[in-house]
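Coordinates from data03.json are shown below (JSON, C-alpha atoms).
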[["chain", "number", "residue", "atom", "x", "y", "z"],
["A", 30, "MET", "CA", -92.88, 43.01, -165.41],
["A", 31, "ILE", "CA", -92.34, 41.28, -168.77],
["A", 32, "LYS", "CA", -88.82, 39.89, -168.94],
["A", 33, "GLY", "CA", -88.19, 37.55, -171.83],
["A", 34, "ILE", "CA", -90.87, 35.41, -173.37],
["A", 35, "PRO", "CA", -90.47, 31.66, -172.89],
["A", 36, "THR", "CA", -91.18, 28.88, -175.34],
["A", 37, "PHE", "CA", -93.35, 26.11, -173.88],
["A", 38, "GLU", "CA", -93.69, 22.44, -174.71],
["A", 39, "THR", "CA", -96.67, 20.29, -173.75],
["A", 40, "ASP", "CA", -97.29, 16.65, -174.61],
["A", 41, "ARG", "CA", -98.27, 17.54, -178.20],
["A", 42, "LEU", "CA", -97.54, 21.21, -178.66],
["A", 43, "LEU", "CA", -94.85, 23.84, -179.01],
["A", 44, "LEU", "CA", -95.83, 27.36, -177.98],
["A", 45, "ARG", "CA", -93.39, 29.93, -179.30],
["A", 46, "ARG", "CA", -93.19, 33.65, -179.93],
["A", 47, "ILE", "CA", -95.06, 34.77, -183.04],
["A", 48, "VAL", "CA", -92.51, 35.93, -185.61],
["A", 49, "ALA", "CA", -92.73, 37.85, -188.91],
["A", 50, "GLU", "CA", -92.53, 34.61, -190.91],
["A", 51, "ASP", "CA", -95.86, 33.51, -189.37],
["A", 52, "ILE", "CA", -97.80, 36.17, -191.31],
["A", 53, "HIS", "CA", -99.10, 33.67, -193.89],
["A", 54, "CYS", "CA", -100.48, 31.42, -191.14],
["A", 55, "VAL", "CA", -101.98, 34.35, -189.24],
["A", 56, "TYR", "CA", -103.61, 35.58, -192.46],
["A", 57, "LYS", "CA", -104.94, 32.07, -193.18],
["A", 58, "GLY", "CA", -106.61, 32.06, -189.76],
["A", 59, "LEU", "CA", -107.79, 35.64, -189.47],
["A", 60, "SER", "CA", -109.24, 35.73, -192.98],
["A", 61, "ASN", "CA", -111.22, 32.52, -192.49],
["A", 62, "PRO", "CA", -114.94, 33.29, -191.91],
["A", 63, "GLU", "CA", -115.28, 30.34, -189.51],
["A", 64, "VAL", "CA", -112.38, 31.55, -187.35],
["A", 65, "VAL", "CA", -113.37, 35.22, -187.25],
["A", 66, "LYS", "CA", -117.11, 34.64, -186.77],
["A", 67, "TYR", "CA", -116.74, 35.50, -183.06],
["A", 68, "TYR", "CA", -113.36, 37.19, -183.23],
["A", 69, "GLY", "CA", -112.71, 40.91, -182.99],
["A", 70, "VAL", "CA", -110.63, 41.31, -186.16],
["A", 71, "SER", "CA", -110.40, 39.91, -189.67],
["A", 72, "PHE", "CA", -108.18, 40.65, -192.64],
["A", 73, "GLN", "CA", -108.85, 40.56, -196.37],
["A", 74, "SER", "CA", -105.23, 40.64, -197.54],
["A", 75, "LEU", "CA", -101.76, 39.62, -196.48],
["A", 76, "LYS", "CA", -100.77, 43.29, -196.42],
["A", 77, "ALA", "CA", -103.65, 44.13, -194.06],
["A", 78, "THR", "CA", -102.49, 41.32, -191.75],
["A", 79, "LEU", "CA", -99.35, 43.35, -191.04],
["A", 80, "LYS", "CA", -101.54, 45.34, -188.64],
["A", 81, "GLN", "CA", -102.08, 42.18, -186.57],
["A", 82, "MET", "CA", -98.38, 41.32, -186.65],
["A", 83, "ASP", "CA", -97.60, 44.83, -185.39],
["A", 84, "TRP", "CA", -100.20, 44.37, -182.63],
["A", 85, "TYR", "CA", -98.50, 41.16, -181.43],
["A", 86, "GLU", "CA", -95.14, 42.96, -181.35],
["A", 87, "ASP", "CA", -96.51, 46.09, -179.66],
["A", 88, "LEU", "CA", -98.11, 44.05, -176.86],
["A", 89, "GLU", "CA", -94.71, 42.76, -175.84],
["A", 90, "LYS", "CA", -92.87, 46.07, -176.29],
["A", 91, "LYS", "CA", -95.42, 48.00, -174.23],
["A", 92, "GLY", "CA", -95.66, 45.36, -171.52],
["A", 93, "LYS", "CA", -99.37, 44.85, -172.21],
["A", 94, "GLY", "CA", -99.27, 41.19, -173.17],
["A", 95, "GLN", "CA", -97.81, 38.40, -175.24],
["A", 96, "TRP", "CA", -99.20, 35.98, -177.80],
["A", 97, "TRP", "CA", -97.76, 32.63, -178.81],
["A", 98, "ALA", "CA", -97.95, 30.58, -182.01],
["A", 99, "VAL", "CA", -99.54, 27.21, -181.23],
["A", 100, "CYS", "CA", -97.67, 24.58, -183.25],
["A", 101, "ALA", "CA", -97.12, 20.84, -183.37],
["A", 102, "ARG", "CA", -94.17, 19.83, -181.19],
["A", 103, "GLY", "CA", -91.77, 19.63, -184.13],
["A", 104, "ASN", "CA", -92.79, 23.21, -185.14],
["A", 105, "LYS", "CA", -93.89, 21.94, -188.56],
["A", 106, "THR", "CA", -97.63, 22.61, -188.28],
["A", 107, "PHE", "CA", -99.13, 25.96, -187.20],
["A", 108, "TYR", "CA", -102.49, 25.41, -185.49],
["A", 109, "GLY", "CA", -103.40, 28.90, -184.27],
["A", 110, "ALA", "CA", -102.46, 31.46, -181.64],
["A", 111, "CYS", "CA", -103.22, 32.33, -178.04],
["A", 112, "GLY", "CA", -102.06, 34.78, -175.48],
["A", 113, "LEU", "CA", -102.61, 37.46, -172.91],
["A", 114, "ASN", "CA", -103.42, 41.07, -173.69],
["A", 115, "ASN", "CA", -104.72, 44.23, -172.01],
["A", 116, "ALA", "CA", -102.47, 43.43, -169.05],
["A", 117, "ASP", "CA", -103.00, 45.82, -166.18],
["A", 118, "HIS", "CA", -100.05, 45.15, -163.86],
["A", 119, "LYS", "CA", -101.31, 47.55, -161.19],
["A", 120, "SER", "CA", -104.62, 45.67, -160.91],
["A", 121, "LYS", "CA", -102.85, 42.34, -161.60],
["A", 122, "LYS", "CA", -105.17, 41.23, -164.37],
["A", 123, "ALA", "CA", -105.15, 40.53, -168.11],
["A", 124, "GLN", "CA", -107.38, 39.11, -170.82],
["A", 125, "VAL", "CA", -106.86, 35.79, -172.55],
["A", 126, "GLY", "CA", -107.58, 35.33, -176.24],
["A", 127, "PHE", "CA", -107.17, 32.51, -178.73],
["A", 128, "TRP", "CA", -108.01, 31.25, -182.20],
["A", 129, "LEU", "CA", -107.48, 27.97, -184.00],
["A", 130, "LEU", "CA", -107.64, 26.91, -187.64],
["A", 131, "PRO", "CA", -110.87, 24.88, -188.21],
["A", 132, "LEU", "CA", -109.03, 21.74, -189.31],
["A", 133, "TYR", "CA", -107.81, 21.38, -185.71],
["A", 134, "TRP", "CA", -111.05, 22.11, -183.85],
["A", 135, "GLY", "CA", -112.32, 19.49, -181.44],
["A", 136, "HIS", "CA", -108.94, 17.90, -180.64],
["A", 137, "GLY", "CA", -108.27, 19.58, -177.27],
["A", 138, "ILE", "CA", -105.44, 21.64, -178.73],
["A", 139, "MET", "CA", -106.44, 24.99, -177.29],
["A", 140, "SER", "CA", -107.20, 23.56, -173.84],
["A", 141, "GLU", "CA", -103.72, 22.06, -173.83],
["A", 142, "ALA", "CA", -102.09, 25.24, -175.15],
["A", 143, "LEU", "CA", -103.70, 27.56, -172.63],
["A", 144, "GLY", "CA", -102.45, 25.65, -169.58],
["A", 145, "PRO", "CA", -98.89, 26.99, -169.71],
["A", 146, "ILE", "CA", -100.10, 30.44, -170.83],
["A", 147, "LEU", "CA", -102.34, 30.78, -167.78],
["A", 148, "GLN", "CA", -99.59, 29.49, -165.51],
["A", 149, "PHE", "CA", -97.18, 32.00, -167.07],
["A", 150, "GLY", "CA", -99.62, 34.85, -166.40],
["A", 151, "PHE", "CA", -100.23, 33.86, -162.81],
["A", 152, "MET", "CA", -96.69, 32.87, -161.86],
["A", 153, "GLU", "CA", -94.36, 34.99, -164.02],
["A", 154, "TRP", "CA", -96.48, 38.13, -164.28],
["A", 155, "SER", "CA", -98.02, 37.73, -160.80],
["A", 156, "LEU", "CA", -101.51, 38.21, -162.18],
["A", 157, "HIS", "CA", -104.39, 37.66, -159.79],
["A", 158, "ARG", "CA", -107.14, 37.49, -162.43],
["A", 159, "ILE", "CA", -107.37, 36.45, -166.07],
["A", 160, "GLU", "CA", -110.54, 37.38, -167.95],
["A", 161, "ALA", "CA", -112.18, 36.34, -171.20],
["A", 162, "PHE", "CA", -114.95, 38.12, -173.09],
["A", 163, "VAL", "CA", -117.09, 35.81, -175.23],
["A", 164, "GLU", "CA", -120.00, 36.33, -177.59],
["A", 165, "PRO", "CA", -122.93, 34.27, -176.22],
["A", 166, "PRO", "CA", -123.30, 31.96, -179.27],
["A", 167, "ASN", "CA", -119.59, 30.96, -179.16],
["A", 168, "LYS", "CA", -120.13, 27.61, -177.43],
["A", 169, "PRO", "CA", -116.71, 26.08, -178.30],
["A", 170, "CYS", "CA", -114.88, 28.99, -176.66],
["A", 171, "LYS", "CA", -117.02, 28.75, -173.54],
["A", 172, "LYS", "CA", -116.38, 24.99, -173.40],
["A", 173, "VAL", "CA", -112.59, 25.57, -173.45],
["A", 174, "LEU", "CA", -112.82, 28.21, -170.73],
["A", 175, "LYS", "CA", -115.01, 26.04, -168.49],
["A", 176, "LYS", "CA", -112.64, 23.10, -168.96],
["A", 177, "LEU", "CA", -109.81, 25.35, -167.73],
["A", 178, "GLY", "CA", -111.76, 26.40, -164.63],
["A", 179, "PHE", "CA", -113.02, 29.82, -165.73],
["A", 180, "GLU", "CA", -116.25, 30.95, -164.07],
["A", 181, "HIS", "CA", -119.05, 32.77, -165.89],
["A", 182, "GLU", "CA", -119.48, 36.04, -163.99],
["A", 183, "GLY", "CA", -122.25, 37.59, -166.04],
["A", 184, "THR", "CA", -123.33, 39.10, -169.33],
["A", 185, "MET", "CA", -122.64, 42.66, -170.38],
["A", 186, "GLN", "CA", -125.69, 43.77, -172.34],
["A", 187, "LYS", "CA", -125.22, 45.53, -175.70],
["A", 188, "CYS", "CA", -121.69, 46.57, -174.70],
["A", 189, "GLU", "CA", -119.91, 46.41, -178.05],
["A", 190, "VAL", "CA", -120.65, 47.25, -181.68],
["A", 191, "LYS", "CA", -119.98, 44.55, -184.27],
["A", 192, "ASP", "CA", -121.04, 44.83, -187.90],
["A", 193, "GLY", "CA", -123.05, 47.93, -187.00],
["A", 194, "GLN", "CA", -125.07, 46.15, -184.31],
["A", 195, "PHE", "CA", -124.77, 46.19, -180.53],
["A", 196, "ILE", "CA", -123.86, 42.78, -179.13],
["A", 197, "ASP", "CA", -123.70, 41.21, -175.68],
["A", 198, "LEU", "CA", -120.49, 39.79, -174.24],
["A", 199, "GLU", "CA", -120.25, 37.18, -171.51],
["A", 200, "LEU", "CA", -117.50, 37.65, -168.93],
["A", 201, "TYR", "CA", -115.50, 34.65, -167.74],
["A", 202, "ALA", "CA", -112.66, 34.82, -165.21],
["A", 203, "LYS", "CA", -110.12, 32.63, -163.46],
["A", 204, "LEU", "CA", -108.38, 33.65, -160.26],
["A", 205, "LYS", "CA", -104.83, 32.76, -159.27],
["A", 206, "ASN", "CA", -105.87, 30.64, -156.30],
["A", 207, "GLU", "CA", -107.75, 28.37, -158.71],
["A", 208, "LEU", "CA", -104.59, 27.62, -160.71],
["A", 209, "GLU", "CA", -103.33, 24.08, -161.02],
["A", 210, "THR", "CA", -99.61, 23.89, -160.34],
["A", 211, "LYS", "CA", -98.61, 21.64, -163.25],
["A", 212, "ARG", "CA", -95.15, 22.58, -164.50],
["A", 213, "TYR", "CA", -94.41, 22.95, -168.20],
["A", 214, "LYS", "CA", -91.09, 22.72, -169.98],
["A", 215, "SER", "CA", -90.04, 26.21, -170.92],
["A", 216, "LYS", "CA", -87.00, 28.04, -172.15],
["A", 217, "ARG", "CA", -86.39, 31.73, -172.57],
["A", 218, "GLY", "CA", -85.75, 32.94, -176.06]]

Here is a file; write its structure as structure tokens.
Amino acid sequence: MIKGIPTFETDRLLLRRIVAEDIHCVYKGLSNPEVVKYYGVSFQSLKATLKQMDWYEDLEKKGKGQWWAVCARGNKTFYGACGLNNADHKSKKAQVGFWLLPLYWGHGIMSEALGPILQFGFMEWSLHRIEAFVEPPNKPCKKVLKKLGFEHEGTMQKCEVKDGQFIDLELYAKLKNELETKRYKSKRG
């Protein structure tokens, strides 16, 4: 199912495998209150961030997903991360997730980055459905998903506990037949 993870290039971006040396950038993002406001995890130390780095690695090893570092084309600037997780190859579906450092919000970076990731999921992994779960107040995330053709399928009421409180999650999904067929430069690495 998962056979080698490609590196992608778009007009402005390089999407590459997340590596151990990225821990400082991942910590910078996942310890930032603005980034983790609607995100499922946060870390208070570099050492604690090792748990996230292990999660990225385990996804690939177990065939349950893959996340990419989102960087400037020359690989000099780390913007954030995105990927697929909770892959269910029998049901041909997975979840998409993403985060971006606040300095780069509002520049279309994540919309551009997710194009090849979605194509990879649909074409390489033969997924039929890619889902996203979003907290209702997270308008920027919903804007990215809508721009990429995800449909809002409904709201799951009080389905998750966050900070000791039950919260709602909105479900968005994109089906394979809705995929644009733009090709991206990729190489296996």

Shell of 6 Å around region 108-117 of chain A, all atoms listed in the file, local chain residues under 4 positions omitted, as a ChimeraX atom specification | /A:93-100,121-130

So which residues are close to (-98.0, 23.2, -180.1), meaning at most 9 Å away in the file's coordinates with all atoms listed in the file counted, and can you show them as a PyMOL selection string?
-> chain A and resi 37-45+98-104+106-109+138+141-142

For the residues in that selection, give me C-alpha atoms as a PDB file, keeping the file's coordinate frame.
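What landed in out39.pdb:
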ATOM      1  CA  PHE A  37     -93.350  26.110-173.880  1.00  0.00           C
ATOM      2  CA  GLU A  38     -93.690  22.440-174.710  1.00  0.00           C
ATOM      3  CA  THR A  39     -96.670  20.290-173.750  1.00  0.00           C
ATOM      4  CA  ASP A  40     -97.290  16.650-174.610  1.00  0.00           C
ATOM      5  CA  ARG A  41     -98.270  17.540-178.200  1.00  0.00           C
ATOM      6  CA  LEU A  42     -97.540  21.210-178.660  1.00  0.00           C
ATOM      7  CA  LEU A  43     -94.850  23.840-179.010  1.00  0.00           C
ATOM      8  CA  LEU A  44     -95.830  27.360-177.980  1.00  0.00           C
ATOM      9  CA  ARG A  45     -93.390  29.930-179.300  1.00  0.00           C
ATOM     10  CA  ALA A  98     -97.950  30.580-182.010  1.00  0.00           C
ATOM     11  CA  VAL A  99     -99.540  27.210-181.230  1.00  0.00           C
ATOM     12  CA  CYS A 100     -97.670  24.580-183.250  1.00  0.00           C
ATOM     13  CA  ALA A 101     -97.120  20.840-183.370  1.00  0.00           C
ATOM     14  CA  ARG A 102     -94.170  19.830-181.190  1.00  0.00           C
ATOM     15  CA  GLY A 103     -91.770  19.630-184.130  1.00  0.00           C
ATOM     16  CA  ASN A 104     -92.790  23.210-185.140  1.00  0.00           C
ATOM     17  CA  THR A 106     -97.630  22.610-188.280  1.00  0.00           C
ATOM     18  CA  PHE A 107     -99.130  25.960-187.200  1.00  0.00           C
ATOM     19  CA  TYR A 108    -102.490  25.410-185.490  1.00  0.00           C
ATOM     20  CA  GLY A 109    -103.400  28.900-184.270  1.00  0.00           C
ATOM     21  CA  ILE A 138    -105.440  21.640-178.730  1.00  0.00           C
ATOM     22  CA  GLU A 141    -103.720  22.060-173.830  1.00  0.00           C
ATOM     23  CA  ALA A 142    -102.090  25.240-175.150  1.00  0.00           C
TER      24      ALA A 142
END

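Ranking A:Trp134, A:Phe162, A:Tyr68, A:Tyr85 by their shortest atom-to-atom distance to Ile52 (chain A), with only C-alpha atoms included, puts A:Tyr85 first.
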
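Picture a line from CA of Gly135 (chain A) to CA of Val190 (chain A); it runs 29.0 Å.
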
10 Å contact set for region 171-176 of chain A, all atoms listed in the file, chain neighbours under 5 positions out, as a VMD selection string | chain A and resid 125 137 to 141 143 160 to 166 181 199 201 to 203

Dump C-alpha atoms for the selected residues as a JSON list (two decimals), in the coordinates of the input?
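Written output follows (out.json):
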[["chain", "number", "residue", "atom", "x", "y", "z"],
["A", 125, "VAL", "CA", -106.86, 35.79, -172.55],
["A", 137, "GLY", "CA", -108.27, 19.58, -177.27],
["A", 138, "ILE", "CA", -105.44, 21.64, -178.73],
["A", 139, "MET", "CA", -106.44, 24.99, -177.29],
["A", 140, "SER", "CA", -107.20, 23.56, -173.84],
["A", 141, "GLU", "CA", -103.72, 22.06, -173.83],
["A", 143, "LEU", "CA", -103.70, 27.56, -172.63],
["A", 160, "GLU", "CA", -110.54, 37.38, -167.95],
["A", 161, "ALA", "CA", -112.18, 36.34, -171.20],
["A", 162, "PHE", "CA", -114.95, 38.12, -173.09],
["A", 163, "VAL", "CA", -117.09, 35.81, -175.23],
["A", 164, "GLU", "CA", -120.00, 36.33, -177.59],
["A", 165, "PRO", "CA", -122.93, 34.27, -176.22],
["A", 166, "PRO", "CA", -123.30, 31.96, -179.27],
["A", 181, "HIS", "CA", -119.05, 32.77, -165.89],
["A", 199, "GLU", "CA", -120.25, 37.18, -171.51],
["A", 201, "TYR", "CA", -115.50, 34.65, -167.74],
["A", 202, "ALA", "CA", -112.66, 34.82, -165.21],
["A", 203, "LYS", "CA", -110.12, 32.63, -163.46]]

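Reported to one decimal place, the separation of CA of Phe179 (chain A) from CA of Tyr56 (chain A) is 28.9 Å.
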
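You can rank A:Tyr67, A:Pro35, A:Lys57, A:Glu50 by their closest distance to Met82 (chain A) using all atoms listed in the file, and at the top of that list sits A:Glu50.
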
What is the CA of Lys187 (chain A) to CA of Trp84 (chain A) distance in Å?
->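 Separating CA of Lys187 (chain A) from CA of Trp84 (chain A) is a distance of 26.0 Å.
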
A:Leu147, A:Cys170, A:Ile159, A:Val48: which is nearest Val64 (chain A), counting all atoms listed in the file?
->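 Among the listed residues, A:Cys170 lies closest to Val64 (chain A).
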
Please provide the set of residues having any atom within 12 Å of Leu75 (chain A), restricted to only C-alpha atoms, with same-chain residues fewer than 4 positions apart removed, written as a short mmCIF file (atom, residue, chain, number, x, y, z; two decimals) with C-alpha atoms, keeping the file's coordinate frame.
data_model
loop_
_atom_site.label_atom_id
_atom_site.label_comp_id
_atom_site.auth_asym_id
_atom_site.auth_seq_id
_atom_site.Cartn_x
_atom_site.Cartn_y
_atom_site.Cartn_z
CA ALA A 49 -92.73 37.85 -188.91
CA GLU A 50 -92.53 34.61 -190.91
CA ASP A 51 -95.86 33.51 -189.37
CA ILE A 52 -97.80 36.17 -191.31
CA HIS A 53 -99.10 33.67 -193.89
CA CYS A 54 -100.48 31.42 -191.14
CA VAL A 55 -101.98 34.35 -189.24
CA TYR A 56 -103.61 35.58 -192.46
CA LYS A 57 -104.94 32.07 -193.18
CA GLY A 58 -106.61 32.06 -189.76
CA LEU A 59 -107.79 35.64 -189.47
CA SER A 60 -109.24 35.73 -192.98
CA SER A 71 -110.40 39.91 -189.67
CA LEU A 79 -99.35 43.35 -191.04
CA LYS A 80 -101.54 45.34 -188.64
CA GLN A 81 -102.08 42.18 -186.57
CA MET A 82 -98.38 41.32 -186.65
#

Missing atoms of region 116-138 of chain A rebuilt to N, CA, C and O atoms, written as a PDB file, in the frame of the given file:
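This went into out-v9.pdb:
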ATOM      1  N   ALA A 116    -103.003  43.646-170.396  1.00  0.00           N
ATOM      2  CA  ALA A 116    -102.470  43.430-169.050  1.00  0.00           C
ATOM      3  C   ALA A 116    -102.459  44.749-168.284  1.00  0.00           C
ATOM      4  O   ALA A 116    -102.006  45.772-168.779  1.00  0.00           O
ATOM      5  N   ASP A 117    -102.992  44.691-167.101  1.00  0.00           N
ATOM      6  CA  ASP A 117    -103.000  45.820-166.180  1.00  0.00           C
ATOM      7  C   ASP A 117    -102.217  45.348-164.955  1.00  0.00           C
ATOM      8  O   ASP A 117    -102.757  44.654-164.082  1.00  0.00           O
ATOM      9  N   HIS A 118    -100.929  45.679-164.911  1.00  0.00           N
ATOM     10  CA  HIS A 118    -100.050  45.150-163.860  1.00  0.00           C
ATOM     11  C   HIS A 118    -100.365  45.750-162.494  1.00  0.00           C
ATOM     12  O   HIS A 118    -100.125  45.105-161.482  1.00  0.00           O
ATOM     13  N   LYS A 119    -100.919  46.946-162.467  1.00  0.00           N
ATOM     14  CA  LYS A 119    -101.310  47.550-161.190  1.00  0.00           C
ATOM     15  C   LYS A 119    -102.481  46.766-160.576  1.00  0.00           C
ATOM     16  O   LYS A 119    -102.480  46.470-159.390  1.00  0.00           O
ATOM     17  N   SER A 120    -103.459  46.429-161.388  1.00  0.00           N
ATOM     18  CA  SER A 120    -104.620  45.670-160.910  1.00  0.00           C
ATOM     19  C   SER A 120    -104.389  44.163-160.975  1.00  0.00           C
ATOM     20  O   SER A 120    -105.265  43.386-160.594  1.00  0.00           O
ATOM     21  N   LYS A 121    -103.237  43.751-161.519  1.00  0.00           N
ATOM     22  CA  LYS A 121    -102.850  42.340-161.600  1.00  0.00           C
ATOM     23  C   LYS A 121    -103.870  41.487-162.364  1.00  0.00           C
ATOM     24  O   LYS A 121    -104.295  40.423-161.905  1.00  0.00           O
ATOM     25  N   LYS A 122    -104.242  42.003-163.553  1.00  0.00           N
ATOM     26  CA  LYS A 122    -105.170  41.230-164.370  1.00  0.00           C
ATOM     27  C   LYS A 122    -104.827  41.401-165.851  1.00  0.00           C
ATOM     28  O   LYS A 122    -104.110  42.327-166.234  1.00  0.00           O
ATOM     29  N   ALA A 123    -105.329  40.487-166.657  1.00  0.00           N
ATOM     30  CA  ALA A 123    -105.150  40.530-168.110  1.00  0.00           C
ATOM     31  C   ALA A 123    -106.297  39.757-168.737  1.00  0.00           C
ATOM     32  O   ALA A 123    -107.074  39.091-168.051  1.00  0.00           O
ATOM     33  N   GLN A 124    -106.385  39.868-170.060  1.00  0.00           N
ATOM     34  CA  GLN A 124    -107.380  39.110-170.820  1.00  0.00           C
ATOM     35  C   GLN A 124    -106.682  38.007-171.596  1.00  0.00           C
ATOM     36  O   GLN A 124    -105.565  38.190-172.083  1.00  0.00           O
ATOM     37  N   VAL A 125    -107.359  36.885-171.736  1.00  0.00           N
ATOM     38  CA  VAL A 125    -106.860  35.790-172.550  1.00  0.00           C
ATOM     39  C   VAL A 125    -107.638  35.794-173.871  1.00  0.00           C
ATOM     40  O   VAL A 125    -108.817  36.144-173.913  1.00  0.00           O
ATOM     41  N   GLY A 126    -106.941  35.451-174.936  1.00  0.00           N
ATOM     42  CA  GLY A 126    -107.580  35.330-176.240  1.00  0.00           C
ATOM     43  C   GLY A 126    -106.964  34.170-176.991  1.00  0.00           C
ATOM     44  O   GLY A 126    -105.836  33.744-176.698  1.00  0.00           O
ATOM     45  N   PHE A 127    -107.689  33.647-177.965  1.00  0.00           N
ATOM     46  CA  PHE A 127    -107.170  32.510-178.730  1.00  0.00           C
ATOM     47  C   PHE A 127    -107.990  32.297-179.991  1.00  0.00           C
ATOM     48  O   PHE A 127    -109.148  32.709-180.075  1.00  0.00           O
ATOM     49  N   TRP A 128    -107.332  31.693-180.981  1.00  0.00           N
ATOM     50  CA  TRP A 128    -108.010  31.250-182.200  1.00  0.00           C
ATOM     51  C   TRP A 128    -107.272  30.036-182.749  1.00  0.00           C
ATOM     52  O   TRP A 128    -106.082  29.849-182.496  1.00  0.00           O
ATOM     53  N   LEU A 129    -108.012  29.218-183.492  1.00  0.00           N
ATOM     54  CA  LEU A 129    -107.480  27.970-184.000  1.00  0.00           C
ATOM     55  C   LEU A 129    -108.027  27.736-185.409  1.00  0.00           C
ATOM     56  O   LEU A 129    -109.201  28.015-185.671  1.00  0.00           O
ATOM     57  N   LEU A 130    -107.189  27.241-186.294  1.00  0.00           N
ATOM     58  CA  LEU A 130    -107.640  26.910-187.640  1.00  0.00           C
ATOM     59  C   LEU A 130    -108.675  25.779-187.555  1.00  0.00           C
ATOM     60  O   LEU A 130    -108.503  24.832-186.774  1.00  0.00           O
ATOM     61  N   PRO A 131    -109.766  25.848-188.330  1.00  0.00           N
ATOM     62  CA  PRO A 131    -110.870  24.880-188.210  1.00  0.00           C
ATOM     63  C   PRO A 131    -110.472  23.417-188.357  1.00  0.00           C
ATOM     64  O   PRO A 131    -111.089  22.554-187.725  1.00  0.00           O
ATOM     65  N   LEU A 132    -109.472  23.123-189.132  1.00  0.00           N
ATOM     66  CA  LEU A 132    -109.030  21.740-189.310  1.00  0.00           C
ATOM     67  C   LEU A 132    -108.661  21.091-187.981  1.00  0.00           C
ATOM     68  O   LEU A 132    -108.748  19.867-187.828  1.00  0.00           O
ATOM     69  N   TYR A 133    -108.293  21.900-186.990  1.00  0.00           N
ATOM     70  CA  TYR A 133    -107.810  21.380-185.710  1.00  0.00           C
ATOM     71  C   TYR A 133    -108.815  21.538-184.571  1.00  0.00           C
ATOM     72  O   TYR A 133    -108.490  21.246-183.419  1.00  0.00           O
ATOM     73  N   TRP A 134    -110.026  21.974-184.878  1.00  0.00           N
ATOM     74  CA  TRP A 134    -111.050  22.110-183.850  1.00  0.00           C
ATOM     75  C   TRP A 134    -111.440  20.735-183.309  1.00  0.00           C
ATOM     76  O   TRP A 134    -111.450  19.739-184.029  1.00  0.00           O
ATOM     77  N   GLY A 135    -111.788  20.699-182.038  1.00  0.00           N
ATOM     78  CA  GLY A 135    -112.320  19.490-181.440  1.00  0.00           C
ATOM     79  C   GLY A 135    -111.283  18.455-181.036  1.00  0.00           C
ATOM     80  O   GLY A 135    -111.632  17.318-180.720  1.00  0.00           O
ATOM     81  N   HIS A 136    -110.006  18.831-181.004  1.00  0.00           N
ATOM     82  CA  HIS A 136    -108.940  17.900-180.640  1.00  0.00           C
ATOM     83  C   HIS A 136    -108.278  18.243-179.304  1.00  0.00           C
ATOM     84  O   HIS A 136    -107.237  17.689-178.968  1.00  0.00           O
ATOM     85  N   GLY A 137    -108.836  19.199-178.568  1.00  0.00           N
ATOM     86  CA  GLY A 137    -108.270  19.580-177.270  1.00  0.00           C
ATOM     87  C   GLY A 137    -106.999  20.395-177.354  1.00  0.00           C
ATOM     88  O   GLY A 137    -106.305  20.567-176.348  1.00  0.00           O
ATOM     89  N   ILE A 138    -106.694  20.902-178.533  1.00  0.00           N
ATOM     90  CA  ILE A 138    -105.440  21.640-178.730  1.00  0.00           C
ATOM     91  C   ILE A 138    -105.406  22.921-177.914  1.00  0.00           C
ATOM     92  O   ILE A 138    -104.436  23.192-177.205  1.00  0.00           O
TER      93      ILE A 138
END
